[in-house]
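Novice: I'm passing along target-v4.cif; it holds mmCIF, C-alpha atoms.
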```
data_model
#
loop_
_atom_site.label_atom_id
_atom_site.label_comp_id
_atom_site.auth_asym_id
_atom_site.auth_seq_id
_atom_site.Cartn_x
_atom_site.Cartn_y
_atom_site.Cartn_z
CA MET Z 619 48.12 20.58 30.85
CA LYS Z 620 51.12 21.30 33.04
CA ALA Z 621 53.05 18.53 31.27
CA ILE Z 622 52.31 20.13 27.88
CA LEU Z 623 53.65 23.49 29.08
CA GLN Z 624 56.73 21.83 30.57
CA ASP Z 625 57.35 19.96 27.31
CA THR Z 626 57.16 23.12 25.21
CA PHE Z 627 59.32 25.00 27.72
CA GLU Z 628 62.04 22.35 27.46
CA SER Z 629 61.87 21.91 23.69
CA VAL Z 630 61.19 25.45 22.46
CA TRP Z 631 62.06 28.05 25.08
CA ARG Z 632 64.86 26.68 27.25
CA PRO Z 633 67.33 26.37 24.34
CA ASN Z 634 66.73 30.02 23.44
CA ILE Z 635 66.70 31.82 26.79
CA SER Z 636 69.41 32.58 29.30
CA PRO Z 637 70.16 30.07 32.06
CA ALA Z 638 69.00 32.66 34.60
CA ALA Z 639 65.64 33.07 32.82
CA ALA Z 640 65.21 29.29 32.65
CA ALA Z 641 65.98 28.95 36.36
CA ALA Z 642 63.50 31.70 37.22
CA TYR Z 643 60.77 30.02 35.15
CA LEU Z 644 61.33 26.72 36.94
CA ASP Z 645 61.83 28.18 40.44
CA GLU Z 646 58.67 30.26 40.18
CA ASP Z 647 56.72 27.39 38.54
CA ARG Z 648 55.38 29.83 35.96
CA GLY Z 649 53.81 27.09 33.83
CA GLY Z 650 52.08 25.51 36.79
CA THR Z 651 50.88 28.87 38.05
CA TYR Z 652 49.52 29.74 34.61
CA VAL Z 653 47.53 26.48 34.53
CA ASP Z 654 46.30 26.99 38.10
CA GLU Z 655 45.10 30.51 37.29
CA HIS Z 656 43.75 30.05 33.76
CA GLY Z 657 43.42 26.32 33.13
CA HIS Z 658 39.65 26.48 33.44
CA GLU Z 659 39.69 28.77 30.36
CA PHE Z 660 41.81 26.43 28.23
CA ARG Z 661 40.47 24.34 25.40
CA VAL Z 662 42.34 21.09 24.95
CA ALA Z 663 42.79 18.52 22.21
CA GLU Z 664 43.11 14.87 23.16
CA LEU Z 665 44.64 12.04 21.18
CA ASP Z 666 44.80 8.47 22.40
CA GLY Z 667 43.14 9.56 25.66
CA LYS Z 668 45.89 12.07 26.49
CA VAL Z 669 46.05 15.84 26.31
CA ALA Z 670 47.92 16.58 23.08
CA GLY Z 671 47.65 20.36 23.10
CA LEU Z 672 45.91 23.40 24.48
CA VAL Z 673 44.85 26.87 23.44
CA HIS Z 674 43.95 29.84 25.60
CA TRP Z 675 42.48 33.10 24.38
CA GLN Z 676 40.68 36.08 25.87
CA ASP Z 677 38.77 38.54 23.72
CA ASP Z 678 40.90 38.98 20.57
CA PHE Z 679 44.22 37.77 22.00
CA VAL Z 680 45.55 34.20 21.85
CA HIS Z 681 47.70 33.91 24.96
CA ALA Z 682 48.87 30.35 24.43
CA LEU Z 683 48.94 27.57 21.87
CA HIS Z 684 50.98 24.58 22.98
CA VAL Z 685 51.22 21.14 21.39
CA GLY Z 686 53.15 18.32 23.01
CA SER Z 687 56.20 17.33 21.00
CA ALA Z 688 54.88 13.77 20.61
CA TYR Z 689 51.90 15.22 18.72
CA HIS Z 690 53.63 17.62 16.34
CA ARG Z 691 52.63 17.42 12.68
CA ARG Z 692 49.33 15.69 13.48
CA GLY Z 693 46.98 18.65 13.03
CA VAL Z 694 46.56 19.40 16.72
CA GLY Z 695 47.67 23.03 16.49
CA ARG Z 696 45.56 23.59 13.38
CA HIS Z 697 42.49 22.13 15.08
CA LEU Z 698 42.98 24.25 18.22
CA MET Z 699 43.52 27.47 16.24
CA ASP Z 700 40.46 26.72 14.08
CA LEU Z 701 38.46 26.42 17.29
CA ALA Z 702 39.86 29.61 18.82
CA GLU Z 703 39.34 31.67 15.67
CA THR Z 704 35.81 30.34 15.19
CA GLU Z 705 34.85 31.09 18.78
CA MET Z 706 36.43 34.56 18.66
CA ALA Z 707 34.55 35.40 15.46
CA ARG Z 708 31.32 34.02 16.91
CA SER Z 709 31.70 36.35 19.89
CA GLY Z 710 32.00 39.35 17.56
CA VAL Z 711 35.76 39.80 17.60
CA GLY Z 712 36.96 41.25 14.29
CA GLN Z 713 40.57 40.13 14.45
CA ALA Z 714 42.81 37.70 16.26
CA ARG Z 715 46.12 38.82 17.77
CA LEU Z 716 49.00 36.76 19.14
CA GLU Z 717 52.70 36.90 19.78
CA THR Z 718 55.69 34.72 19.11
CA ASP Z 719 59.41 35.37 19.12
CA THR Z 720 61.70 35.83 16.14
CA PHE Z 721 63.71 32.68 16.90
CA ASN Z 722 60.60 30.49 16.72
CA GLU Z 723 60.62 29.78 12.99
CA PRO Z 724 58.12 26.87 13.13
CA SER Z 725 55.61 29.06 14.96
CA ARG Z 726 56.14 31.94 12.55
CA ALA Z 727 55.60 29.63 9.57
CA PHE Z 728 52.48 28.11 11.15
CA TYR Z 729 50.85 31.49 11.72
CA GLY Z 730 51.95 32.79 8.33
CA ALA Z 731 50.26 29.82 6.65
CA ARG Z 732 47.09 30.77 8.56
CA ASP Z 733 47.15 34.30 7.06
CA TYR Z 734 48.47 36.07 10.13
CA VAL Z 735 50.58 39.10 9.27
CA GLU Z 736 53.26 40.82 11.28
CA ALA Z 737 51.98 43.99 12.92
CA GLY Z 738 54.90 44.91 15.14
CA ARG Z 739 58.16 43.94 16.81
CA TYR Z 740 59.36 44.83 20.28
CA PRO Z 741 61.72 43.57 22.98
CA ASP Z 742 60.47 40.46 24.77
CA GLU Z 743 60.22 41.38 28.44
CA GLU Z 744 58.95 38.02 29.68
CA TRP Z 745 62.20 36.06 29.38
CA ASP Z 746 64.86 38.72 30.10
CA SER Z 747 66.99 37.15 27.36
CA ASP Z 748 67.32 39.82 24.65
CA LEU Z 749 64.63 38.19 22.49
CA THR Z 750 62.40 40.04 20.06
CA THR Z 751 58.64 39.47 20.09
CA ILE Z 752 56.52 39.65 16.96
CA LEU Z 753 52.87 40.68 17.12
CA PHE Z 754 50.73 38.91 14.51
CA VAL Z 755 47.16 39.81 13.53
CA LYS Z 756 44.53 38.18 11.37
CA PRO Z 757 41.11 39.50 10.34
CA LEU Z 758 38.34 37.10 11.29
CA ARG Z 759 35.31 36.45 9.12
#
```
Would you kindly transcribe this structure into structure tokens?

Specialist:
Amino acid sequence: MKAILQDTFESVWRPNISPAAAAAYLDEDRGGTYVDEHGHEFRVAELDGKVAGLVHWQDDFVHALHVGSAYHRRGVGRHLMDLAETEMARSGVGQARLETDTFNEPSRAFYGARDYVEAGRYPDEEWDSDLTTILFVKPLR
């Protein structure tokens, strides 16, 4: 799971954040800490005996969806989001919420195709890199 987070950090986030923000992420081992603290709550998808992706949600909020770059375009993200949305709905949650940043066009397209709609924009405070976060919501059936 830590390798998946490192892969998505390197391929998605690092090119879009400041060098100082990237150094802080690595120095503080934020990905590793996140797995250590919440990994027991993750649901993972495996392909060929390896972890291909993970999803983490609490209540109505999807905190993380990460798919290893070697597994892009193979339905891993779709499968994990189907699982998260089904489980959220089963628990009585009426909508799913999640965030992505404006630069992340593939993520925005993925969620848009899943009927998520933009519900707000605000400065991204996590990366200290002048990014803008988008809040997406989707009613669950």

Novice: Just checking: using all atoms listed in the file, which residue out of Z:Val735, Z:Phe728, Z:Phe679, Z:Thr704 ends up closest to Z:Leu716?

Specialist: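 Checking each candidate against Z:Leu716, we get Z:Phe679 as the closest.
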
Novice: (47.1, 14.8, 24.1) in this file's frame - what residues fall within 10 Å of it? Use all atoms listed in the file and give the answer as a list in words.

Specialist: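 Nearby residues: Met619, Ile622, Val662, Ala663, Glu664, Leu665, Asp666, Gly667, Lys668, Val669, Ala670, Gly671, Leu672, Val685, Gly686, Ser687, Ala688, Tyr689 and Val694 of chain Z.
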
Novice: Have a look at Z:His674, Z:Arg715, Z:His656, Z:Arg691 and name the one nearest to Z:Tyr734; count only C-alpha atoms.

Specialist: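 Nearest to Z:Tyr734: Z:Arg715.
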
Novice: From the list Z:Gly693, Z:Gly657, Z:Pro757, Z:Gly650, which residue is nearest Z:Asp733 when using all atoms listed in the file?

Specialist: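 Smallest distance to Z:Asp733 is found for Z:Pro757.
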
Novice: Go through Z:Tyr729, Z:Glu743, Z:Glu646, Z:Glu717 one by one, measure the shortest atom-to-atom distance of each to Z:Met699 using all atoms listed in the file, and give the residue with the smallest value.

Specialist: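 Comparing Z:Tyr729, Z:Glu743, Z:Glu646, Z:Glu717 against Z:Met699, the winner is Z:Tyr729.
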
Novice: Check the smallest atom-to-atom distance from each of Z:Thr651, Z:Thr751, Z:Thr718, Z:Gln713 to Z:Leu623 using all atoms listed in the file, then report the winner.

Specialist: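 The shortest atom-to-atom distance to Z:Leu623 comes from Z:Thr651.
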
Novice: With only C-alpha atoms as the counted atoms, please give the residues lying no more than 12 Å from Z:Thr750, apart from itself and same-chain residues fewer than 2 positions off, as a list in words.

Specialist: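 Contacts, in chain order: Asn634, Ile635, Glu717, Thr718, Asp719, Thr720, Phe721, Asn722, Gly738, Arg739, Tyr740, Pro741, Asp742, Glu743, Glu744, Trp745, Asp746, Ser747, Asp748, Ile752 and Leu753 of chain Z.
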
Novice: Nearest to Z:Val711 among Z:Arg648, Z:Arg759, Z:Arg696, Z:Lys620, with distances taken over all atoms listed in the file: which residue is it?

Specialist: Z:Arg759

Novice: Translate the PyMOL selection byres ((chain Z and resi 677) around 9), as applied to the file shown, into an explicit residue set as a list of chain:residue names.

Specialist: Z:Trp675, Z:Gln676, Z:Asp678, Z:Phe679, Z:Val680, Z:Met706, Z:Ser709, Z:Val711, Z:Ala714

Novice: To one decimal place in Å, what is the distance between atom CA of Z:His697 and atom CA of Z:His681?

Specialist: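 We find that atom CA of Z:His697 and atom CA of Z:His681 lie 16.2 Å from each other.
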
Novice: Mind giving me the straight-line distance from atom CA of Z:Leu758 to atom CA of Z:Glu703 in Å, one decimal?

Specialist: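 That distance, rounded to one decimal, is 7.0 Å.
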
Novice: What is the distance between atom CA of Z:Ala731 and atom CA of Z:Phe754, in Å to one decimal?

Specialist: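 Taking atom CA of Z:Ala731 and atom CA of Z:Phe754, their separation equals 12.0 Å.
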
Novice: As AutoDock Vina command-line options, please: the centre and edge lengths in Å, to one decimal, of an axis-aligned box enclosing every listed atom of stretch 626-642 of chain Z with 4 Å added on each side.

Specialist:
```
--center_x 63.7 --center_y 27.5 --center_z 29.8 --size_x 21.0 --size_y 19.2 --size_z 22.8
```
